[in-house]
Amino acid sequence: MAGYVFLDRVLDCEPGVRISGLKALAYNEEFFRDHFPGKPVLPGAMILEGFVQAARQCLAMTEGGHERWTLHEVGGMRFNRFAVPGEVLKLEAEFEKSDNNAQWFKGRASVEGTGVCRLRFALTEYDHEN
Amino acid sequence: MRYVLVDRFLELSAGERARAVKCVTRGEPFLRDLPFFPSPLVLEALLQTGGALTRVSAGGAAMSVLGKVNRASFPGRARPGDRIDLEVTVALSRPEGTLCEGTATVDGTTIARAEFMIVLLPPELTPEPDPARDEQRRLLADALGVSQAIQENRA
Amino acid sequence: MEEQEIIAKVRKCVATALGRDEDEVQLESVLSRDLEAESIDYLDITFQLEREFGISIQKDELFPQKIFQDENYVKDGVVTEQGLAYLEEKLPFADLESFKADPKVSKVPELFTVQLLVNFVQSKVAA
């Protein structure tokens with residue numbers, strides 16, 4: 001799929017169970033110019049997009065898996081500190097439970113062990129036609 | 001790749017409500033060949049609308065940031081060629097920031113709902129004023145129709 | 001409003017703000033130490049209480065930030081007489097006796113228990 005690819009590297013993945021990866025934050029990325037001018041900070045919504053992509057990959061890698069997963073709900077996304085250019089962000093997502101067609105994950109983003117944000121989110125399947 | 005997820009503000013009523021729009025096009029790097037616009041970025045459009053509303057409500061404060069997303073749901077999605085209508089209301093307002101509720105719709109169909117907190121950065125955390133940068137911000141605000149959106153609601 | 005109802009609603013507000021189950025939120029729970037509340041959570045709790053009880057909480061009325069910011073209130077990590085007076089004024093329901101025995105500013109967050117919030121709401125609702 002084209003579009004913006006968040007993760008630079010997958011560290012490890014247990015299909016359907018958990019996935020972890022890294023994103024290196026470089027000042028070069030244009031979105032830093034707008035967010036914010038004079039104070040580049042990784043946007044929370046982009047971290048969320050990163051988690052969606054990671055969880056999608058985790059589900060896709062299961063036997064018979066596919067990539068047609070989209071964000072269904074966010075149960076709470078809390079921020080501890082900003083992640084900024086020059087840092088490498090680590091994303092860790094863990095499958096929690098299935099609930100109707102929603103696959104719930106727990107996620108933690110950190111920089112060198114220090115928490116940047118925590119969240120719970122669910123993905124849901126969509127059909128080819130959608 | 002820019003990170004301005006609102007194309008135009010239609011209304012900015014301090015302490016109350018903001019309405020804005022965002023058009024979705026294949027020309028955007030975030031989208032390209034994807035079948036639909038990523039939902040986290042629809043959330044971002046709501047956050048940016050709420051951020052502008054919070055700053056206007058605080059008398060034109062310098063900087064606001066996302067404090068927390070309490071909850072969000074995405075019953076639908078936006079496709080290339082869609083115009084997303086964004087509406088954010090202030091549920092509660094304090095000197096520290098606002099609790100906002102936002103809804104994104106396409107042709108009247110809700111594609112996203114969110115409740116979130118926008119926090120106003122204290123002066124010690126905001127960057128130093130910079131004329132060139134402030135000019136850029138002013139140009140952007142003009143392009144997005146901020147002054148008119150504020151004006152029209154004083155009438 | 002009955003005390004039991006206030007307690008139940010305050011626990012719900014705290015649980016919602018901190019993303020926890022209500023059973024984890026006990027009256028004795030210290031927001032920072034037991035429930036891992038961070039600075040953004042104090043703001044969220046304030047919003048949740050305002051919304052749930054229809055009350056208006058002024059800046060610093062519930063969580064007096066000035067104790068951390070005013071240099072007259074703290075010296076070498078210890079809260080001064082002035083600082084103690086400020087806390088007594090702002091937190092009439094807090095248990096300050098044990099705090100006074102070892103008034104380190106780093107221990108101020110331990111004053112913020114769910115019980116304190118209940119006491120605060122009771123006084124606001126009765127007013």
# chains A, B, ... in the order shown; residues from 1 in each chain; ligands from 1

$ residues_around --residues "Val90 of chain B" --least-positions-apart "5" --cutoff "10 Å" --atoms "only C-alpha atoms" --output "compact mmCIF listing (two decimals) with C-alpha atoms, in the first residue's frame"
# COMPACT_ATOMS: atom_id res chain seq x y z
CA SER B 13 -16.85 31.10 17.96
CA ALA B 14 -14.69 31.56 21.04
CA GLY B 15 -15.61 29.28 23.88
CA GLU B 16 -18.24 27.53 21.80
CA ARG B 17 -17.79 25.97 18.42
CA ALA B 18 -15.66 25.73 15.35
CA GLY B 50 -10.10 22.08 18.25
CA LEU B 53 -10.82 27.01 18.66
CA THR B 54 -8.88 26.70 21.91
CA SER B 57 -11.00 31.11 22.97
CA THR B 98 -10.25 22.81 26.75
CA LEU B 99 -12.17 19.58 26.66
CA CYS B 100 -13.50 19.28 23.12
CA GLU B 101 -15.99 17.11 21.31
CA GLY B 102 -15.63 16.74 17.59
CA GLU B 115 -13.46 13.63 22.70
CA PHE B 116 -10.08 15.19 23.42
CA MET B 117 -8.20 17.67 25.56

$ interface_residues --of "chain C" --to "chain A" --cutoff "8 Å" --atoms "only C-alpha atoms" --output "PDB file with C-alpha atoms, in the first residue's frame"
ATOM      1  CA  GLY C  19      -8.271   4.688  32.058  1.00  0.00           C
ATOM      2  CA  GLU C  38       0.531  12.334  35.460  1.00  0.00           C
ATOM      3  CA  ILE C  40      -2.320  15.857  32.153  1.00  0.00           C
TER       4      ILE C  40
END

$ interface_residues --of "chain B" --to "chain C" --cutoff "10 Å" --atoms "only C-alpha atoms" --output "NGL selection string"
:B and (67-68 or 70 or 91-99 or 116-117 or 119)

$ select_by_dssp --residues "chain C" --states "strand (DSSP E)" --output "ChimeraX atom specification"
/C:74-75,78-79

$ write_last_selection --atoms "N, CA and C atoms" --output "CSV table (one decimal), in the first residue's frame"
chain,number,residue,atom,x,y,z
C,74,VAL,N,9.0,27.0,48.7
C,74,VAL,CA,9.9,25.8,48.8
C,74,VAL,C,11.3,26.2,48.9
C,75,LYS,N,12.1,25.6,49.8
C,75,LYS,CA,13.5,25.9,49.9
C,75,LYS,C,14.3,24.6,50.1
C,78,VAL,N,12.3,21.5,50.6
C,78,VAL,CA,11.4,21.4,51.7
C,78,VAL,C,10.4,22.6,51.7
C,79,VAL,N,9.2,22.3,52.0
C,79,VAL,CA,8.1,23.3,52.0
C,79,VAL,C,8.3,24.3,53.2

$ closest_atom_pairs --of "chain A" --to "chain B" --cutoff "8 Å" --atoms "only C-alpha atoms" --output "Markdown table"
| residue | atom | partner | partner_atom | distance |
| --- | --- | --- | --- | --- |
| A:Met1 | CA | B:Leu34 | CA | 6.3 |
| A:Ala2 | CA | B:Asp33 | CA | 5.5 |
| A:Gly3 | CA | B:Phe30 | CA | 4.8 |
| A:Tyr4 | CA | B:Phe30 | CA | 5.2 |
| A:Glu29 | CA | B:Met1 | CA | 7.4 |
| A:Glu30 | CA | B:Met1 | CA | 4.9 |
| A:Phe31 | CA | B:Tyr3 | CA | 4.9 |
| A:Phe32 | CA | B:Tyr3 | CA | 7.8 |
| A:Arg33 | CA | B:Arg2 | CA | 7.5 |
| A:Asp34 | CA | B:Tyr3 | CA | 5.6 |
| A:His35 | CA | B:Tyr3 | CA | 6.9 |
| A:Pro37 | CA | B:Arg133 | CA | 6.9 |
| A:Gly38 | CA | B:Pro127 | CA | 5.9 |
| A:Lys39 | CA | B:Pro127 | CA | 6.3 |
| A:Gly44 | CA | B:Leu66 | CA | 7.3 |
| A:Ala45 | CA | B:Pro40 | CA | 5.4 |
| A:Met46 | CA | B:Pro40 | CA | 7.0 |
| A:Leu48 | CA | B:Pro40 | CA | 6.1 |
| A:Glu49 | CA | B:Pro40 | CA | 5.5 |
| A:Thr70 | CA | B:Ser39 | CA | 7.6 |
| A:Leu71 | CA | B:Ser39 | CA | 6.2 |
| A:His72 | CA | B:Phe74 | CA | 5.1 |
| A:Glu73 | CA | B:Ser73 | CA | 4.2 |
| A:Val74 | CA | B:Ala72 | CA | 4.9 |
| A:Gly75 | CA | B:Arg71 | CA | 5.0 |
| A:Gly76 | CA | B:Asn70 | CA | 4.7 |
| A:Met77 | CA | B:Val69 | CA | 5.0 |
| A:Arg78 | CA | B:Lys68 | CA | 5.0 |
| A:Phe79 | CA | B:Lys68 | CA | 6.4 |
| A:Asn130 | CA | B:Pro35 | CA | 7.8 |

$ residues_around --residues "Ala24 of chain A" --least-positions-apart "5" --cutoff "7 Å" --atoms "only C-alpha atoms" --output "ChimeraX atom specification"
/A:8,87-89

$ residues_around --residues "Gln26 of chain C" --least-positions-apart "3" --cutoff "8 Å" --atoms "only C-alpha atoms" --output "number ranges by chain"
C: 11, 22-23, 29, 114

$ residues_around --residues "Gly50 of chain A" --least-positions-apart "6" --cutoff "10 Å" --atoms "only C-alpha atoms" --output "list in words"
Tyr4, Val5, Phe6, Leu7, Gly21, Leu22, Lys23, Gly44, Arg56, Leu91 and Ala109 of chain A; Pro40 of chain B

$ residues_around --residues "segment 96-99 of chain C" --least-positions-apart "3" --cutoff "10 Å" --atoms "only C-alpha atoms" --output "PyMOL selection string"
chain C and resi 79+84+87-88+91-93+102-105+107-108+110-111

$ atom_distance --atom1 "atom CA of Thr124 of chain A" --atom2 "atom CA of Asp85 of chain B"
23.4 Å

$ residues_around --residues "Phe82 of chain A" --least-positions-apart "3" --cutoff "9 Å" --atoms "only C-alpha atoms" --output "ChimeraX atom specification"
/A:41-44,79,116-117

$ write_last_selection --atoms "C-alpha atoms" --output "PDB file, in the first residue's frame"
ATOM      1  CA  VAL A  41       7.281  17.626  17.848  1.00  0.00           C
ATOM      2  CA  LEU A  42       6.015  14.274  16.551  1.00  0.00           C
ATOM      3  CA  PRO A  43       2.228  14.617  16.204  1.00  0.00           C
ATOM      4  CA  GLY A  44       0.143  12.331  18.398  1.00  0.00           C
ATOM      5  CA  PHE A  79       0.898  11.455  26.356  1.00  0.00           C
ATOM      6  CA  VAL A 116       5.978   8.860  25.253  1.00  0.00           C
ATOM      7  CA  CYS A 117       2.423   7.658  25.014  1.00  0.00           C
TER       8      CYS A 117
END
